[in-house]
Each structure stands twice: as C-alpha cells, then as structure tokens.
>>> print(open('structure_35.tsv').read())   # TSV, C-alpha atoms
chain	number	residue	atom	x	y	z
K	1	GLU	CA	98.41	196.85	26.60
K	2	ASP	CA	99.55	198.42	29.86
K	3	LYS	CA	96.28	200.36	30.13
K	4	PHE	CA	94.36	197.16	29.42
K	5	LYS	CA	96.24	195.30	32.15
K	6	GLU	CA	95.66	198.15	34.59
K	7	THR	CA	91.96	198.26	33.74
K	8	SER	CA	91.72	194.48	34.02
K	9	LYS	CA	93.41	194.59	37.42
K	10	LYS	CA	90.98	197.26	38.64
K	11	LEU	CA	88.05	195.25	37.40
K	12	GLN	CA	89.37	192.18	39.20
K	13	VAL	CA	89.65	194.16	42.43
K	14	TRP	CA	86.11	195.46	41.97
K	15	VAL	CA	84.79	191.97	41.30
K	16	GLU	CA	86.51	190.59	44.39
K	17	ASP	CA	85.21	193.50	46.42
K	18	LEU	CA	81.70	192.94	45.09
K	19	GLU	CA	81.89	189.22	45.87
K	20	GLN	CA	83.02	190.02	49.39
K	21	ARG	CA	80.19	192.54	49.85
K	22	ASN	CA	77.72	189.98	48.52
K	23	SER	CA	79.06	187.36	50.93
K	24	GLU	CA	78.85	189.81	53.84
K	25	PHE	CA	75.30	190.76	52.87
K	26	THR	CA	74.30	187.07	52.81
K	27	VAL	CA	75.77	186.48	56.28
K	28	LEU	CA	74.11	189.66	57.56
K	29	SER	CA	70.74	188.68	56.10
K	30	ASP	CA	70.95	185.14	57.52
K	31	THR	CA	71.94	186.52	60.93
K	32	VAL	CA	69.01	188.93	61.00
K	33	ASP	CA	66.58	186.13	60.12
K	34	LEU	CA	68.11	183.90	62.79
K	35	LEU	CA	68.05	186.60	65.46
K	36	HIS	CA	64.39	187.36	64.85
K	37	THR	CA	63.51	183.69	65.42
K	38	CYS	CA	65.46	183.32	68.67
K	39	VAL	CA	63.26	182.69	71.70
K	40	ALA	CA	65.97	182.92	74.37
K	41	ALA	CA	68.67	185.49	75.05
K	42	ASP	CA	71.47	182.90	75.02
K	43	GLU	CA	70.45	181.85	71.51
K	44	ALA	CA	70.69	185.45	70.30
K	45	TYR	CA	74.08	185.98	71.97
K	46	GLY	CA	75.44	182.85	70.30
K	47	ALA	CA	74.15	183.93	66.87
K	48	ILE	CA	75.77	187.37	67.26
K	49	ALA	CA	79.13	185.86	68.28
K	50	LYS	CA	79.11	183.37	65.41
K	51	SER	CA	78.24	186.03	62.83
K	52	CYS	CA	80.98	188.38	64.08
K	53	GLN	CA	83.54	185.62	63.68
K	54	ILE	CA	82.52	185.29	60.03
K	55	LEU	CA	82.07	188.98	59.22
K	56	PHE	CA	85.09	190.30	61.11
K	57	PRO	CA	87.82	187.64	60.90
K	58	GLY	CA	91.02	188.29	62.80
K	59	MET	CA	89.27	190.46	65.36
K	60	GLN	CA	88.41	189.68	68.93
K	61	GLY	CA	85.10	190.90	70.18
K	62	ALA	CA	82.51	190.93	72.91
K	63	LEU	CA	78.90	191.87	73.41
K	64	TYR	CA	78.17	194.00	76.47
K	65	LEU	CA	74.63	194.67	77.70
K	66	ILE	CA	73.20	197.19	80.16
K	67	ASP	CA	71.33	195.69	83.10
K	68	GLU	CA	67.83	196.67	84.23
K	69	THR	CA	69.16	199.34	86.60
K	70	LYS	CA	70.60	201.18	83.57
K	71	ASN	CA	73.83	201.73	85.52
K	72	LEU	CA	75.86	198.56	85.12
K	73	VAL	CA	77.14	196.95	81.94
K	74	GLU	CA	77.99	193.24	81.82
K	75	MET	CA	79.64	191.05	79.20
K	76	ALA	CA	77.07	188.72	77.58
K	77	THR	CA	79.40	186.80	75.25
K	78	GLU	CA	82.84	186.97	73.62
K	79	TRP	CA	84.56	185.37	70.64
K	80	ASN	CA	88.03	184.64	69.21
K	81	GLY	CA	89.58	184.15	72.60
K	82	PRO	CA	89.12	185.83	75.97
K	83	VAL	CA	88.67	189.59	75.69
K	84	LEU	CA	90.74	191.27	78.37
K	85	GLY	CA	89.21	194.06	80.40
K	86	GLU	CA	86.40	194.51	82.88
K	87	THR	CA	83.40	192.20	82.54
K	88	VAL	CA	81.14	194.33	84.77
K	89	PHE	CA	81.45	198.10	84.93
K	90	GLN	CA	79.58	201.39	84.98
K	91	ALA	CA	77.90	202.58	81.78
K	92	ASP	CA	79.97	205.77	81.90
K	93	ASP	CA	83.15	203.72	81.50
K	94	CYS	CA	82.50	203.37	77.76
K	95	TRP	CA	82.95	206.40	75.50
K	96	ALA	CA	80.55	204.95	72.93
K	97	LEU	CA	77.73	204.80	75.47
K	98	ARG	CA	78.52	208.30	76.70
K	99	ARG	CA	78.57	209.79	73.21
K	100	GLY	CA	75.87	207.65	71.69
K	101	ARG	CA	77.90	206.82	68.58
K	102	LEU	CA	80.81	204.68	67.36
K	103	TYR	CA	84.05	205.29	69.20
K	104	GLU	CA	87.41	204.27	67.73
K	105	ALA	CA	90.71	204.41	69.58
K	106	ASP	CA	94.28	203.29	69.02
K	107	ALA	CA	97.32	202.89	71.23
K	108	THR	CA	98.43	206.48	70.61
K	109	SER	CA	95.13	208.26	71.25
K	110	GLY	CA	95.39	208.17	75.04
K	111	HIS	CA	91.61	208.15	75.43
K	112	SER	CA	90.74	204.51	75.92
K	113	CYS	CA	87.51	203.45	77.60
K	114	GLY	CA	87.49	202.87	81.34
K	115	HIS	CA	86.58	199.22	80.95
K	116	LEU	CA	89.93	198.70	79.15
K	117	SER	CA	92.05	200.26	81.88
K	118	GLY	CA	95.45	198.55	81.99
K	119	VAL	CA	94.82	196.51	78.83
K	120	ALA	CA	97.34	196.73	75.98
K	121	PHE	CA	95.73	197.16	72.55
K	122	ASP	CA	96.53	198.58	69.12
K	123	ARG	CA	93.08	199.54	67.89
K	124	TYR	CA	89.50	198.95	68.92
K	125	LEU	CA	85.93	199.99	68.22
K	126	CYS	CA	82.99	200.33	70.58
K	127	VAL	CA	79.62	200.62	68.85
K	128	PRO	CA	76.52	201.47	70.92
K	129	MET	CA	73.44	199.30	70.45
K	130	MET	CA	70.22	201.30	70.40
K	131	GLY	CA	66.81	199.68	70.45
K	132	GLN	CA	63.37	201.24	70.84
K	133	GLY	CA	64.85	204.58	71.83
K	134	ALA	CA	67.12	203.24	74.58
K	135	ALA	CA	70.72	202.04	74.86
K	136	LEU	CA	70.92	198.25	75.21
K	137	GLY	CA	74.70	197.96	75.39
K	138	PHE	CA	77.53	197.97	72.86
K	139	LEU	CA	79.57	195.81	70.53
K	140	HIS	CA	83.32	195.77	71.09
K	141	LEU	CA	85.83	194.79	68.38
K	142	ARG	CA	89.60	195.10	68.51
K	143	HIS	CA	93.00	193.97	67.24
K	144	MET	CA	95.09	192.77	70.15
K	145	ARG	CA	98.88	192.57	70.17
K	146	ASP	CA	98.68	189.04	71.48
K	147	ALA	CA	95.88	188.01	69.12
K	148	MET	CA	96.60	185.06	66.85
K	149	ILE	CA	96.39	187.10	63.63
K	150	ASN	CA	98.77	188.18	60.90
K	151	ALA	CA	101.23	190.73	62.27
K	152	ALA	CA	100.67	192.98	59.26
K	153	SER	CA	96.97	193.26	59.99
K	154	ILE	CA	97.53	194.50	63.52
K	155	SER	CA	98.52	197.98	62.45
K	156	GLU	CA	95.88	198.22	59.72
K	157	THR	CA	93.21	200.84	60.13
K	158	ILE	CA	89.64	199.68	59.93
K	159	SER	CA	88.34	200.71	56.52
K	160	GLU	CA	85.27	202.88	56.09
K	161	SER	CA	83.44	200.06	54.32
K	162	LYS	CA	84.18	197.74	57.25
K	163	LYS	CA	82.93	200.38	59.68
K	164	ARG	CA	79.71	200.69	57.69
K	165	LEU	CA	79.29	196.93	57.87
K	166	ILE	CA	79.92	196.98	61.64
K	167	LEU	CA	77.38	199.78	62.10
K	168	THR	CA	74.77	197.98	59.97
K	169	PHE	CA	75.31	194.70	61.81
K	170	THR	CA	75.14	196.40	65.21
K	171	GLU	CA	71.93	198.21	64.28
K	172	GLN	CA	70.23	195.01	63.15
K	173	ALA	CA	71.46	193.04	66.17
K	174	ALA	CA	70.23	195.78	68.52
K	175	LEU	CA	66.80	195.78	66.90
K	176	ALA	CA	66.56	192.00	67.22
K	177	LEU	CA	67.64	192.07	70.89
K	178	ALA	CA	65.13	194.84	71.66
K	179	ASN	CA	62.33	192.83	70.05
K	180	LEU	CA	63.40	189.71	71.94
K	181	ARG	CA	63.39	191.59	75.25
K	182	LEU	CA	59.94	192.98	74.49
K	183	ARG	CA	58.59	189.51	73.69
K	184	GLN	CA	60.10	188.10	76.87
K	185	LYS	CA	58.66	190.96	78.92
K	186	LEU	CA	55.19	190.45	77.46
K	187	HIS	CA	55.47	186.71	78.05
K	188	ILE	CA	56.46	187.24	81.69
K	189	GLN	CA	53.54	189.61	82.16
K	190	SER	CA	51.17	187.09	80.60
K	191	ILE	CA	52.06	184.29	83.02
K	192	HIS	CA	52.51	186.25	86.27
K	193	ASP	CA	49.98	187.73	88.64
K	194	PRO	CA	50.51	191.53	88.57
K	195	LEU	CA	49.87	191.95	92.32
K	196	THR	CA	51.90	189.16	93.91
K	197	GLY	CA	54.36	188.32	91.16
K	198	LEU	CA	53.55	184.61	91.44
K	199	PHE	CA	52.53	182.57	88.43
K	200	ASN	CA	48.90	183.10	87.45
K	201	ARG	CA	46.04	180.70	86.80
K	202	ARG	CA	46.83	180.41	83.09
K	203	TYR	CA	50.40	179.33	83.71
K	204	MET	CA	49.36	176.91	86.45
K	205	GLN	CA	46.99	175.12	84.09
K	206	GLU	CA	49.77	174.74	81.52
K	207	ALA	CA	52.30	173.68	84.17
K	208	LEU	CA	49.90	171.12	85.63
K	209	GLU	CA	49.42	169.45	82.25
K	210	ARG	CA	53.17	169.49	81.56
K	211	GLU	CA	54.18	168.13	84.96
K	212	LEU	CA	51.52	165.42	84.82
K	213	ARG	CA	52.91	164.14	81.52
K	214	ARG	CA	56.43	164.27	82.96
K	215	SER	CA	55.34	162.40	86.08
K	216	ALA	CA	53.55	159.78	83.98
K	217	ARG	CA	56.67	159.16	81.84
K	218	GLY	CA	58.94	158.93	84.88
K	219	LYS	CA	56.36	157.14	87.02
K	220	LYS	CA	56.90	159.77	89.72
K	221	PRO	CA	54.33	161.27	92.11
K	222	LEU	CA	53.16	164.86	91.73
K	223	GLY	CA	51.84	166.88	94.66
K	224	LEU	CA	49.23	169.62	94.44
K	225	ILE	CA	48.40	171.87	97.39
K	226	MET	CA	45.48	174.27	97.29
K	227	MET	CA	45.13	176.84	100.06
K	228	ASP	CA	42.81	179.62	101.04
K	229	ILE	CA	43.30	182.50	103.49
K	230	ASP	CA	40.69	182.05	106.22
K	231	TRP	CA	38.13	184.81	106.68
K	232	PHE	CA	39.69	186.96	103.98
K	233	LYS	CA	36.44	188.82	103.23
K	234	LYS	CA	36.12	189.71	106.90
K	235	PHE	CA	39.74	190.90	106.88
K	236	ASN	CA	39.02	193.16	103.89
K	237	ASP	CA	35.88	194.55	105.52
K	238	GLU	CA	37.73	195.33	108.74
K	239	TYR	CA	41.02	196.73	107.42
K	240	GLY	CA	40.22	197.75	103.84
K	241	HIS	CA	41.20	196.43	100.42
K	242	ASP	CA	44.66	198.02	100.48
K	243	ALA	CA	45.48	196.01	103.57
K	244	GLY	CA	44.01	192.96	101.87
K	245	ASP	CA	46.32	193.48	98.89
K	246	GLN	CA	49.30	193.78	101.19
K	247	LEU	CA	48.29	190.53	102.88
K	248	LEU	CA	48.19	188.78	99.50
K	249	VAL	CA	51.64	190.12	98.60
K	250	GLU	CA	53.13	189.06	101.94
K	251	MET	CA	51.42	185.69	101.62
K	252	ALA	CA	53.04	185.17	98.22
K	253	ARG	CA	56.51	185.99	99.60
K	254	HIS	CA	55.89	183.64	102.52
K	255	ILE	CA	54.90	180.78	100.23
K	256	GLU	CA	58.02	181.24	98.08
K	257	LYS	CA	60.23	180.93	101.15
K	258	GLN	CA	58.54	177.75	102.35
K	259	PHE	CA	58.91	175.69	99.16
K	260	ARG	CA	61.72	174.47	96.92
K	261	GLU	CA	63.06	176.35	93.92
K	262	TYR	CA	61.57	173.89	91.45
K	263	ASP	CA	58.14	173.87	93.09
K	264	ILE	CA	55.61	176.03	91.23
K	265	PRO	CA	53.55	178.43	93.38
K	266	CYS	CA	50.75	180.49	91.86
K	267	ARG	CA	47.89	182.75	92.80
K	268	TYR	CA	44.89	180.91	91.42
K	269	GLY	CA	42.44	183.72	92.08
K	270	GLY	CA	41.27	186.01	94.90
K	271	GLU	CA	42.75	184.73	98.15
K	272	GLU	CA	43.34	181.24	96.76
K	273	PHE	CA	46.86	179.94	96.11
K	274	MET	CA	48.24	176.71	94.68
K	275	VAL	CA	51.63	174.98	94.78
K	276	LEU	CA	52.65	172.27	92.33
K	277	MET	CA	55.32	169.95	93.74
K	278	PRO	CA	57.07	167.66	91.20
K	279	GLU	CA	58.29	164.25	92.39
K	280	THR	CA	56.71	164.69	95.80
K	281	PRO	CA	55.01	161.79	97.64
K	282	LEU	CA	51.97	162.27	99.87
K	283	GLU	CA	53.91	162.25	103.14
K	284	ILE	CA	56.22	165.07	102.05
K	285	ALA	CA	53.43	167.15	100.52
K	286	GLN	CA	51.35	166.82	103.68
K	287	LYS	CA	54.35	167.75	105.83
K	288	ARG	CA	55.05	170.86	103.72
K	289	ALA	CA	51.43	171.93	103.88
K	290	GLU	CA	51.40	171.52	107.65
K	291	GLN	CA	54.65	173.47	108.00
K	292	LEU	CA	53.18	176.30	105.96
K	293	ARG	CA	50.02	176.35	108.07
K	294	LYS	CA	51.97	176.49	111.33
K	295	SER	CA	54.39	179.13	110.01
K	296	MET	CA	51.50	181.55	109.49
K	297	LYS	CA	51.50	182.16	113.24
K	298	ASN	CA	54.92	183.77	112.89
K	299	MET	CA	54.04	185.96	109.91
K	300	GLN	CA	53.98	189.59	111.05
K	301	LEU	CA	51.75	191.82	108.94
K	302	GLN	CA	51.88	195.53	109.64
K	303	TYR	CA	49.77	198.13	107.84
K	304	LYS	CA	49.93	201.87	108.58
K	305	GLY	CA	51.62	201.23	111.90
K	306	GLU	CA	49.01	198.67	113.01
K	307	MET	CA	49.65	194.95	113.45
K	308	LEU	CA	47.09	192.93	111.51
K	309	GLY	CA	46.02	189.39	112.13
K	310	PRO	CA	46.10	186.68	113.18
K	311	ILE	CA	46.19	184.98	109.77
K	312	SER	CA	45.42	181.32	109.19
K	313	LEU	CA	45.17	178.98	106.21
K	314	SER	CA	43.01	176.07	105.13
K	315	LEU	CA	44.84	173.64	102.83
K	316	GLY	CA	43.92	170.67	100.66
K	317	VAL	CA	46.46	168.14	99.36
K	318	ALA	CA	46.13	165.78	96.39
K	319	ILE	CA	48.74	163.48	94.81
K	320	TYR	CA	49.08	162.06	91.33
K	321	PRO	CA	48.29	159.26	90.54
K	322	PHE	CA	46.38	158.31	93.69
K	323	HIS	CA	43.83	161.13	93.72
K	324	GLY	CA	43.63	161.89	90.01
K	325	GLN	CA	45.37	161.08	86.74
K	326	THR	CA	44.24	164.05	84.66
K	327	PRO	CA	44.68	167.78	85.36
K	328	GLU	CA	40.95	168.22	85.89
K	329	ASN	CA	40.63	165.27	88.27
K	330	LEU	CA	43.70	166.14	90.31
K	331	PHE	CA	42.58	169.74	90.62
K	332	ARG	CA	39.07	168.64	91.61
K	333	ALA	CA	40.51	166.32	94.29
K	334	ALA	CA	42.67	169.10	95.81
K	335	ASP	CA	39.75	171.52	95.70
K	336	ALA	CA	37.48	169.02	97.45
K	337	ALA	CA	40.16	168.48	100.13
K	338	LEU	CA	40.35	172.26	100.64
K	339	TYR	CA	36.62	172.46	101.24
K	340	GLN	CA	36.93	169.57	103.70
K	341	ALA	CA	39.49	171.63	105.63
K	342	LYS	CA	37.11	174.60	105.69
K	343	ALA	CA	34.23	172.41	106.83
K	344	ALA	CA	36.42	170.99	109.59
K	345	GLY	CA	36.75	174.45	111.16
K	346	ARG	CA	39.49	176.00	108.97
K	347	ASN	CA	43.16	176.44	109.94
K	348	CYS	CA	43.94	172.81	109.09
K	349	VAL	CA	45.22	170.50	106.34
K	350	SER	CA	42.96	167.96	104.64
K	351	ILE	CA	44.05	165.11	102.35
K	352	ALA	CA	42.03	164.12	99.30
K	353	THR	CA	40.25	160.77	99.52
K	354	GLY	CA	39.87	158.15	96.81
K	355	ASN	CA	40.80	158.34	93.14
K	356	VAL	CA	38.74	160.88	91.20
>>> encode(input="structure_35.tsv", output="structure tokens")
Amino acid sequence: EDKFKETSKKLQVWVEDLEQRNSEFTVLSDTVDLLHTCVAADEAYGAIAKSCQILFPGMQGALYLIDETKNLVEMATEWNGPVLGETVFQADDCWALRRGRLYEADATSGHSCGHLSGVAFDRYLCVPMMGQGAALGFLHLRHMRDAMINAASISETISESKKRLILTFTEQAALALANLRLRQKLHIQSIHDPLTGLFNRRYMQEALERELRRSARGKKPLGLIMMDIDWFKKFNDEYGHDAGDQLLVEMARHIEKQFREYDIPCRYGGEEFMVLMPETPLEIAQKRAEQLRKSMKNMQLQYKGEMLGPISLSLGVAIYPFHGQTPENLFRAADAALYQAKAAGRNCVSIATGNV
C-alpha cells in the first residue's frame, strides 16, 4: 500500500508536470504565431512582454536591443514592475552578450553585469538573442528582493527545465524579431529613393491617394508642389554626373529643411521632386514654394573644392479640390503648372488654373 501511494504520488507529479509543459508549449506556440504576424516593432515587444508574464510568473524582466551602431543597448520593454538598472549602456556591459550564451548570476557570485551596477538582486539570467548570425540584444529575467512574490521563491534556483524553456522562448523571439527587422528594412528600401533617401515615386502615388481620401473625409485642402531643377542636363554636362548626384542629394536635404515634418517630400524621377502638403490652402502652399525658390540662392554646393552653381528651381502648385479631385487630375494640374513656370523663363512659381 505504501509503494502504491508512493507510485501514485509520483504519477501525480508527472501528470502535473506534463500539464504544465503542455500549457507552456501552447503559450510558446501562440506567441511564435503572434510574433510572426506583427508588422510593427512595438507590437512584437508587447507580445514578448505578455508571454513572459505568463511563462515566467513571479519574475521581473526586460527586453534589451542593440542599436544600429552595434555599440549601444537600450531597453525596449519591461514587465512585472520597473526593472532597476541602466536603460542605455554599452554592449560590453552584459556578460551574456560578451560570451554569446546564457549568463546566470546570484548575489554571492560577485560577477554581475555592468548594467546592474548598484542594483540589489538575488538571482538573474541574461539570455542573448541571436538572429540571422548577429546579436540583436538579450532577455533579462530576475528575482528581486523587493519584488512582490512569495518570499520562499526568492531563494529558489531556476530549474534546468525552466532554463530550457527560457532558451527556447528567447530563440524563437529572436528569430521573429530578426524577420520583422528584415521585412521593415526591405519595406523602407522599397519606398525610398536610394540616392537621396526621400520617398520614391511608388510611395508618392500611394500617399497621394491616401491623403486625398483623408482630405475628402475631413473636407480639408491638400497642396501638391512639383519642382524641377533648372538646366540640370547642362549642369551634368559641365560638371559631370557625380556632381549632378551630389546636387540631387543636397537638394533633397534642402527640401526636408524647408517643409513641415508631416509634409511628404519625394524624388519623383530624374531632377524632378514633389512635396505633398496635407491640410494646406493655396496661399500657404504658394508661399512655401516661393520660399523654397528664393532659398536656393543661399544653397552652397561645393564639389572637389569648386563652388558649383547658381542653382534655381521652377515650381508648379496645385490644390485639392480646386485644381483636381482625383490623384491623376491633381498631379496633371501640378505638372501643367510646372511647365507654365518653365515656359515663363524658369526660376519662378506657377499656380495651376481651373479644375481639371
């Protein structure tokens, strides 16, 4: 009877352990599916934090990511209360990133990570996140003395099965984050001009349709400015195509400085640029175009020690709904106004006429 009770007790423990593993596997599987459908970084960070709260109850944690310079690490999100320690630090301040594998420390080890300098803790884990052959950051989990958890659990060691779960979760989260970054990078490349960094023609066409619908719903005006660098072919012939490319790059930077953050500048093609100006009436759009034209006199372009120029612009302005109520018509009106400016002798601003 005693052996039967002992065997029954062991079986009960095994069943409970199996149920827990099954529950953890379900959460892990759901998290992986969710992470792979995230389209924004903040969504992924939130999914990781929520899953860690379920998988690792009673533990505080944080997700730290390496920035583009590969030198600095910054906290992306945290859960179960504020995680004490540095929020921005050097990559070398974490032993897990240095060693490239899980690092566990307790209060008696004396080898805590630099980002926890001066922070009291009993036990913590740092787990590096590797994706596509590079370190993305690390996952940090720990029992804190001031954490709102059962006092008995504070001194508990983290079991090997729990460590395996942490490693598996971290690996899957890292893979999802790496894929998300790759998708975002490809998306950015697909909508930006590789030379100037401005939005490209494809994005402008999408933005024009979107902003027109928004303007129609809100009954707000929408300004469109088209501009062309005067005598650009002659400039290329005289100074060379490298100088022409530098002019386009400097022109793009100059345009960005002259307009608002929510205006949408793009390189439409060649030496032609466009700026979409939401909620902008004709008077303001015309004033901005004129300011840009006049400011070209102050733009200093130097190439191989030689001052190049002078540079001038021809600009055409069209406003929704007065000059067009569809993307095609508004674009055609701005384009016609640009050609009017060229026909008028260049270096001037022309306003679209009539409703196309």
>>> residues_around(input="structure_35.tsv", residues="Ser112 of chain K", least_positions_apart="6", cutoff="9 Å", atoms="only C-alpha atoms", output="list in words")
Cys94, Trp95, Glu104, Ala105 and Asp106 of chain K
>>> closest_residue(input="structure_35.tsv", among="K:Asp228, K:Glu250, K:Asp42, K:Glu6", to="Leu315 of chain K", atoms="all atoms listed in the file")
K:Asp228
>>> atom_distance(input="structure_35.tsv", atom1="atom CA of Leu11 of chain K", atom2="atom CA of Asp30 of chain K")
28.3 Å
>>> closest_residue(input="structure_35.tsv", among="K:Lys233, K:Arg123, K:Arg253, K:His241", to="Arg142 of chain K", atoms="all atoms listed in the file")
K:Arg123
>>> residues_around(input="structure_35.tsv", residues="Leu175 of chain K", least_positions_apart="2", cutoff="10 Å", atoms="only C-alpha atoms", output="list of chain:residue names")
K:Val32, K:Leu35, K:His36, K:Met129, K:Met130, K:Gly131, K:Gln132, K:Leu136, K:Phe169, K:Thr170, K:Glu171, K:Gln172, K:Ala173, K:Leu177, K:Ala178, K:Asn179, K:Leu180, K:Arg181
>>> residues_around(input="structure_35.tsv", residues="segment 191-197 of chain K", least_positions_apart="4", cutoff="10 Å", atoms="all atoms listed in the file", output="PDB file with C-alpha atoms, in the coordinates of the input")
ATOM      1  CA  LEU K 186      55.190 190.450  77.460  1.00  0.00           C
ATOM      2  CA  HIS K 187      55.470 186.710  78.050  1.00  0.00           C
ATOM      3  CA  ARG K 201      46.040 180.700  86.800  1.00  0.00           C
ATOM      4  CA  ARG K 202      46.830 180.410  83.090  1.00  0.00           C
ATOM      5  CA  TYR K 203      50.400 179.330  83.710  1.00  0.00           C
ATOM      6  CA  MET K 204      49.360 176.910  86.450  1.00  0.00           C
ATOM      7  CA  GLU K 206      49.770 174.740  81.520  1.00  0.00           C
ATOM      8  CA  ASP K 245      46.320 193.480  98.890  1.00  0.00           C
ATOM      9  CA  GLN K 246      49.300 193.780 101.190  1.00  0.00           C
ATOM     10  CA  LEU K 247      48.290 190.530 102.880  1.00  0.00           C
ATOM     11  CA  LEU K 248      48.190 188.780  99.500  1.00  0.00           C
ATOM     12  CA  VAL K 249      51.640 190.120  98.600  1.00  0.00           C
ATOM     13  CA  GLU K 250      53.130 189.060 101.940  1.00  0.00           C
ATOM     14  CA  MET K 251      51.420 185.690 101.620  1.00  0.00           C
ATOM     15  CA  ALA K 252      53.040 185.170  98.220  1.00  0.00           C
ATOM     16  CA  ARG K 253      56.510 185.990  99.600  1.00  0.00           C
ATOM     17  CA  CYS K 266      50.750 180.490  91.860  1.00  0.00           C
ATOM     18  CA  ARG K 267      47.890 182.750  92.800  1.00  0.00           C
ATOM     19  CA  TYR K 268      44.890 180.910  91.420  1.00  0.00           C
ATOM     20  CA  GLY K 269      42.440 183.720  92.080  1.00  0.00           C
TER      21      GLY K 269
END
>>> closest_residue(input="structure_35.tsv", among="K:Ala47, K:Leu139, K:Met226, K:Ile166", to="Ala318 of chain K", atoms="only C-alpha atoms")
K:Met226
>>> closest_residue(input="structure_35.tsv", among="K:Leu84, K:Gly137, K:Gln12, K:Tyr103", to="Glu68 of chain K", atoms="all atoms listed in the file")
K:Gly137
>>> residues_around(input="structure_35.tsv", residues="segment 50-62 of chain K", least_positions_apart="4", cutoff="9 Å", atoms="all atoms listed in the file", output="PyMOL selection string")
chain K and resi 23-24+27-28+31+45-46+75-83+138-144+147-150+153+162+165-166+169
>>> atom_distance(input="structure_35.tsv", atom1="atom CA of Gly85 of chain K", atom2="atom CA of Val119 of chain K")
6.3 Å
>>> closest_residue(input="structure_35.tsv", among="K:Ile264, K:Leu308, K:Leu276, K:Leu224", to="Ala243 of chain K", atoms="all atoms listed in the file")
K:Leu308
>>> atom_distance(input="structure_35.tsv", atom1="atom CA of His323 of chain K", atom2="atom CA of Ala341 of chain K")
16.5 Å
>>> closest_residue(input="structure_35.tsv", among="K:Ser190, K:Gln300, K:Thr108, K:Ser314", to="Lys342 of chain K", atoms="all atoms listed in the file")
K:Ser314
>>> residues_around(input="structure_35.tsv", residues="Thr353 of chain K", least_positions_apart="5", cutoff="12 Å", atoms="all atoms listed in the file", output="list in words")
Leu282, Gly316, Val317, Ala318, Ile319, Phe322, His323, Gly324, Leu330, Arg332, Ala333, Ala334, Asp335, Ala336, Ala337, Leu338 and Gln340 of chain K
>>> write_last_selection(input="structure_35.tsv", atoms="C-alpha atoms", output="mmCIF file, keeping the file's coordinate frame")
data_model
loop_
_atom_site.group_PDB
_atom_site.id
_atom_site.type_symbol
_atom_site.label_atom_id
_atom_site.label_comp_id
_atom_site.auth_asym_id
_atom_site.auth_seq_id
_atom_site.Cartn_x
_atom_site.Cartn_y
_atom_site.Cartn_z
ATOM 1 C CA LEU K 282 51.970 162.270 99.870
ATOM 2 C CA GLY K 316 43.920 170.670 100.660
ATOM 3 C CA VAL K 317 46.460 168.140 99.360
ATOM 4 C CA ALA K 318 46.130 165.780 96.390
ATOM 5 C CA ILE K 319 48.740 163.480 94.810
ATOM 6 C CA PHE K 322 46.380 158.310 93.690
ATOM 7 C CA HIS K 323 43.830 161.130 93.720
ATOM 8 C CA GLY K 324 43.630 161.890 90.010
ATOM 9 C CA LEU K 330 43.700 166.140 90.310
ATOM 10 C CA ARG K 332 39.070 168.640 91.610
ATOM 11 C CA ALA K 333 40.510 166.320 94.290
ATOM 12 C CA ALA K 334 42.670 169.100 95.810
ATOM 13 C CA ASP K 335 39.750 171.520 95.700
ATOM 14 C CA ALA K 336 37.480 169.020 97.450
ATOM 15 C CA ALA K 337 40.160 168.480 100.130
ATOM 16 C CA LEU K 338 40.350 172.260 100.640
ATOM 17 C CA GLN K 340 36.930 169.570 103.700
#
>>> axis_aligned_box(input="structure_35.tsv", around="segment 62-74 of chain K", padding_each_side="6 Å", output="AutoDock Vina command-line options")
--center_x 75.2 --center_y 196.3 --center_z 79.8 --size_x 26.7 --size_y 22.8 --size_z 25.7
